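Peer 1: Here you go, one structure.
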Amino acid sequence: MAIQRMDNVGIVVEDMDAAIAFFLELGMELEGRAEIEGLFADQCTGLDGVRCDIAMVRTPDGHSRLELAKYRSPAVISAGPRNRPHNILGTHRVMFAVDDIEDTVARLRPHGAELVGEIARFEDSYLLCYLRGPEGIIVGLAEQLR
C-alpha cells in the first residue's frame, strides 16, 4: 500500500487565535497547540531558523485534521491578495459536510466569513456554498438533502 490515510491539511495563518475560533465555530475540535523549532523543522520545510506555533484541529469524527501554522521566523511571505478567485492554481479549498448550511454560514459570519457566491442547490442532492474564511481561505460547505 502506498499510503495509509491523509493525515492533515496545513494552512499558514497570521492570526492564530482568530483561525482557531473560526474552525471551532465550524464544529472542529482543538486537538492541541505547540511551538515548533529546531533542526528537524528546518530540514522538513527547507527553511532556515524555523520557529512557528501550530494548532491541530480535527473534525468531530476524528478522521480529518487541519494544521494551522503561524510562522514567527522566517517571516511569512504573502502569496498575493487574500480574496483570490476560485479558479486560481494551487490549493483550491477545504470542504466540510454540515447538517445545516444556513445556520453554519450565520454562525461563521461573526468570525469574518463571507460567501464567495451564494448557497446553491445541486439537483435534489446537496446545498453547497463557498465562503472565505481566515486568511482568505476558501472553505466549502455541503449539506446533503434528505
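Labels used: A, B, ... for chains in the order of the C-alpha cells, numbers from 1 for residues in each chain, and numbers from 1 for ligands as shown.
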Can you check which residues of chain A DSSP gives as alpha helix (DSSP H) on the backbone and send them as a list in words?

Peer 2: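 Listing alpha helix (DSSP H) positions across chain A yields Met16, Asp17, Ala18, Ala19, Ile20, Ala21, Phe22, Phe23, Leu24, Glu25, Leu26, Leu39, Phe40, Ala41, Asp42, Gln43, Cys44, Thr45, Ile101, Glu102, Asp103, Thr104, Val105, Ala106, Arg107 and Leu108 of chain A.
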
Peer 1: Need the shell around segment 125-130 of chain A: protein/DNA/RNA residues with any atom at most 6 Å away, counting only C-alpha atoms. Skip same-chain ones fewer than 3 positions apart. Format as JSON, numbers by chain?

Peer 2: {"A": [116, 119, 120, 121, 122, 139, 140, 141, 142, 143, 144, 145]}

Peer 1: Those residues you just picked out, can you put them in a file as a PDB file, in the first residue's frame with all heavy atoms?

Peer 2:
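The resulting file, again_29.pdb, is reproduced below:
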ATOM      1  N   VAL A 116     -18.551  33.498  -1.035  1.00  0.00           N
ATOM      2  CA  VAL A 116     -17.864  33.809  -2.285  1.00  0.00           C
ATOM      3  C   VAL A 116     -18.917  34.058  -3.363  1.00  0.00           C
ATOM      4  O   VAL A 116     -18.793  34.979  -4.160  1.00  0.00           O
ATOM      5  CB  VAL A 116     -16.924  32.652  -2.692  1.00  0.00           C
ATOM      6  CG1 VAL A 116     -16.354  32.866  -4.088  1.00  0.00           C
ATOM      7  CG2 VAL A 116     -15.801  32.516  -1.671  1.00  0.00           C
ATOM      8  N   ILE A 119     -25.441  30.380  -1.655  1.00  0.00           N
ATOM      9  CA  ILE A 119     -25.804  28.989  -1.392  1.00  0.00           C
ATOM     10  C   ILE A 119     -26.573  28.476  -2.610  1.00  0.00           C
ATOM     11  O   ILE A 119     -27.536  29.101  -3.044  1.00  0.00           O
ATOM     12  CB  ILE A 119     -26.642  28.859  -0.103  1.00  0.00           C
ATOM     13  CG1 ILE A 119     -25.812  29.320   1.100  1.00  0.00           C
ATOM     14  CG2 ILE A 119     -27.130  27.429   0.084  1.00  0.00           C
ATOM     15  CD1 ILE A 119     -26.585  29.418   2.406  1.00  0.00           C
ATOM     16  N   ALA A 120     -26.108  27.378  -3.173  1.00  0.00           N
ATOM     17  CA  ALA A 120     -26.693  26.851  -4.402  1.00  0.00           C
ATOM     18  C   ALA A 120     -27.171  25.416  -4.184  1.00  0.00           C
ATOM     19  O   ALA A 120     -26.620  24.677  -3.376  1.00  0.00           O
ATOM     20  CB  ALA A 120     -25.656  26.881  -5.526  1.00  0.00           C
ATOM     21  N   ARG A 121     -28.180  25.052  -4.936  1.00  0.00           N
ATOM     22  CA  ARG A 121     -28.735  23.702  -4.862  1.00  0.00           C
ATOM     23  C   ARG A 121     -28.209  22.890  -6.040  1.00  0.00           C
ATOM     24  O   ARG A 121     -28.302  23.321  -7.187  1.00  0.00           O
ATOM     25  CB  ARG A 121     -30.259  23.779  -4.906  1.00  0.00           C
ATOM     26  CG  ARG A 121     -30.934  22.446  -4.804  1.00  0.00           C
ATOM     27  CD  ARG A 121     -32.461  22.593  -4.971  1.00  0.00           C
ATOM     28  NE  ARG A 121     -33.111  21.452  -4.399  1.00  0.00           N
ATOM     29  CZ  ARG A 121     -33.647  21.406  -3.195  1.00  0.00           C
ATOM     30  NH1 ARG A 121     -33.645  22.473  -2.433  1.00  0.00           N
ATOM     31  NH2 ARG A 121     -34.214  20.311  -2.738  1.00  0.00           N
ATOM     32  N   PHE A 122     -27.641  21.709  -5.748  1.00  0.00           N
ATOM     33  CA  PHE A 122     -27.227  20.779  -6.792  1.00  0.00           C
ATOM     34  C   PHE A 122     -28.261  19.673  -6.854  1.00  0.00           C
ATOM     35  O   PHE A 122     -28.348  18.829  -5.952  1.00  0.00           O
ATOM     36  CB  PHE A 122     -25.832  20.197  -6.499  1.00  0.00           C
ATOM     37  CG  PHE A 122     -25.421  19.146  -7.490  1.00  0.00           C
ATOM     38  CD1 PHE A 122     -25.098  19.485  -8.797  1.00  0.00           C
ATOM     39  CD2 PHE A 122     -25.380  17.814  -7.114  1.00  0.00           C
ATOM     40  CE1 PHE A 122     -24.727  18.509  -9.710  1.00  0.00           C
ATOM     41  CE2 PHE A 122     -25.008  16.830  -8.022  1.00  0.00           C
ATOM     42  CZ  PHE A 122     -24.691  17.173  -9.319  1.00  0.00           C
ATOM     43  N   VAL A 139     -13.434  28.014   2.098  1.00  0.00           N
ATOM     44  CA  VAL A 139     -13.992  26.854   2.803  1.00  0.00           C
ATOM     45  C   VAL A 139     -15.310  26.514   2.107  1.00  0.00           C
ATOM     46  O   VAL A 139     -16.166  27.379   1.930  1.00  0.00           O
ATOM     47  CB  VAL A 139     -14.222  27.169   4.292  1.00  0.00           C
ATOM     48  CG1 VAL A 139     -14.912  26.021   4.996  1.00  0.00           C
ATOM     49  CG2 VAL A 139     -12.894  27.513   4.974  1.00  0.00           C
ATOM     50  N   GLY A 140     -15.442  25.256   1.720  1.00  0.00           N
ATOM     51  CA  GLY A 140     -16.682  24.791   1.123  1.00  0.00           C
ATOM     52  C   GLY A 140     -17.553  24.132   2.170  1.00  0.00           C
ATOM     53  O   GLY A 140     -17.061  23.503   3.092  1.00  0.00           O
ATOM     54  N   LEU A 141     -18.855  24.322   2.030  1.00  0.00           N
ATOM     55  CA  LEU A 141     -19.826  23.670   2.906  1.00  0.00           C
ATOM     56  C   LEU A 141     -20.805  22.895   2.043  1.00  0.00           C
ATOM     57  O   LEU A 141     -21.241  23.392   0.994  1.00  0.00           O
ATOM     58  CB  LEU A 141     -20.589  24.699   3.744  1.00  0.00           C
ATOM     59  CG  LEU A 141     -19.763  25.625   4.632  1.00  0.00           C
ATOM     60  CD1 LEU A 141     -20.663  26.637   5.327  1.00  0.00           C
ATOM     61  CD2 LEU A 141     -18.963  24.824   5.646  1.00  0.00           C
ATOM     62  N   ALA A 142     -21.153  21.685   2.475  1.00  0.00           N
ATOM     63  CA  ALA A 142     -22.093  20.848   1.735  1.00  0.00           C
ATOM     64  C   ALA A 142     -23.112  20.269   2.710  1.00  0.00           C
ATOM     65  O   ALA A 142     -22.736  19.620   3.690  1.00  0.00           O
ATOM     66  CB  ALA A 142     -21.358  19.712   1.023  1.00  0.00           C
ATOM     67  N   GLU A 143     -24.390  20.540   2.434  1.00  0.00           N
ATOM     68  CA  GLU A 143     -25.472  19.935   3.233  1.00  0.00           C
ATOM     69  C   GLU A 143     -26.198  18.933   2.347  1.00  0.00           C
ATOM     70  O   GLU A 143     -26.765  19.307   1.307  1.00  0.00           O
ATOM     71  CB  GLU A 143     -26.457  21.004   3.705  1.00  0.00           C
ATOM     72  CG  GLU A 143     -27.640  20.445   4.439  1.00  0.00           C
ATOM     73  CD  GLU A 143     -28.696  21.491   4.788  1.00  0.00           C
ATOM     74  OE1 GLU A 143     -28.375  22.693   4.795  1.00  0.00           O
ATOM     75  OE2 GLU A 143     -29.857  21.088   5.012  1.00  0.00           O
ATOM     76  N   GLN A 144     -26.151  17.666   2.721  1.00  0.00           N
ATOM     77  CA  GLN A 144     -26.842  16.645   1.956  1.00  0.00           C
ATOM     78  C   GLN A 144     -28.335  16.768   2.226  1.00  0.00           C
ATOM     79  O   GLN A 144     -28.765  16.839   3.377  1.00  0.00           O
ATOM     80  CB  GLN A 144     -26.355  15.259   2.322  1.00  0.00           C
ATOM     81  CG  GLN A 144     -26.923  14.193   1.422  1.00  0.00           C
ATOM     82  CD  GLN A 144     -26.248  12.848   1.623  1.00  0.00           C
ATOM     83  OE1 GLN A 144     -25.490  12.643   2.555  1.00  0.00           O
ATOM     84  NE2 GLN A 144     -26.547  11.925   0.735  1.00  0.00           N
ATOM     85  N   LEU A 145     -29.115  16.812   1.150  1.00  0.00           N
ATOM     86  CA  LEU A 145     -30.558  16.909   1.293  1.00  0.00           C
ATOM     87  C   LEU A 145     -31.129  15.519   1.506  1.00  0.00           C
ATOM     88  O   LEU A 145     -30.683  14.550   0.921  1.00  0.00           O
ATOM     89  CB  LEU A 145     -31.168  17.557   0.044  1.00  0.00           C
ATOM     90  CG  LEU A 145     -30.673  18.975  -0.233  1.00  0.00           C
ATOM     91  CD1 LEU A 145     -31.195  19.463  -1.569  1.00  0.00           C
ATOM     92  CD2 LEU A 145     -31.069  19.908   0.885  1.00  0.00           C
TER      93      LEU A 145
END

Peer 1: As a list in words, please: the residues near Glu114 of chain A (cut-off 12 Å, only C-alpha atoms, same-chain neighbours under 5 positions excluded).

Peer 2: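 The filter keeps Asn83, Thr104, Val105, Ala106, Arg107, Leu108, Arg109, Ile119, Cys129, Tyr130, Leu131, Arg132, Gly133, Pro134, Glu135, Gly136, Ile137, Ile138, Val139 and Gly140 of chain A.
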
Peer 1: With DSSP run on the backbone, what are the strand (DSSP E or B) residues within chain A? I'd like them as number ranges by chain.

Peer 2: A: 9-12, 29-37, 51-58, 65-73, 94-97, 114-115, 120-122, 126-132, 138-144

Peer 1: Report the distance between atom CA of Cys52 of chain A and atom CA of Gly10 of chain A in Å, rounded to one decimal place.

Peer 2: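 Separating atom CA of Cys52 of chain A from atom CA of Gly10 of chain A is a distance of 12.7 Å.
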
Peer 1: Find the spatial neighbours of Val76 of chain A, counting only C-alpha atoms, within a cut-off of 9 Å - ignore same-chain residues fewer than 3 positions away - and output them as a list in words.

Peer 2: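 The contact residues come out as Val12, Val13, Glu14, Lys70, Tyr71, Arg72 and Ser73 of chain A.
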
Peer 1: Do a neighbour search on segment 16-24 of chain A at 6 Å with only C-alpha atoms, toss out local chain neighbours closer than 3 positions, and write the hits as a list of chain:residue names.

Peer 2: A:Gly27, A:Met28, A:Glu29, A:His111, A:Pro134

Peer 1: Could you please determine the separation between atom CA of Leu26 of chain A and atom CA of Val9 of chain A in Å, to one decimal place?

Peer 2: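 Calculated distance between atom CA of Leu26 of chain A and atom CA of Val9 of chain A is 16.1 Å.
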
Peer 1: Within 6 Å of Glu37 of chain A, counting only C-alpha atoms, which residues qualify if same-chain residues fewer than 3 places away don't, as a list in words?

Peer 2: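 Returned residues: Ala41, Val50 and Arg51 of chain A.
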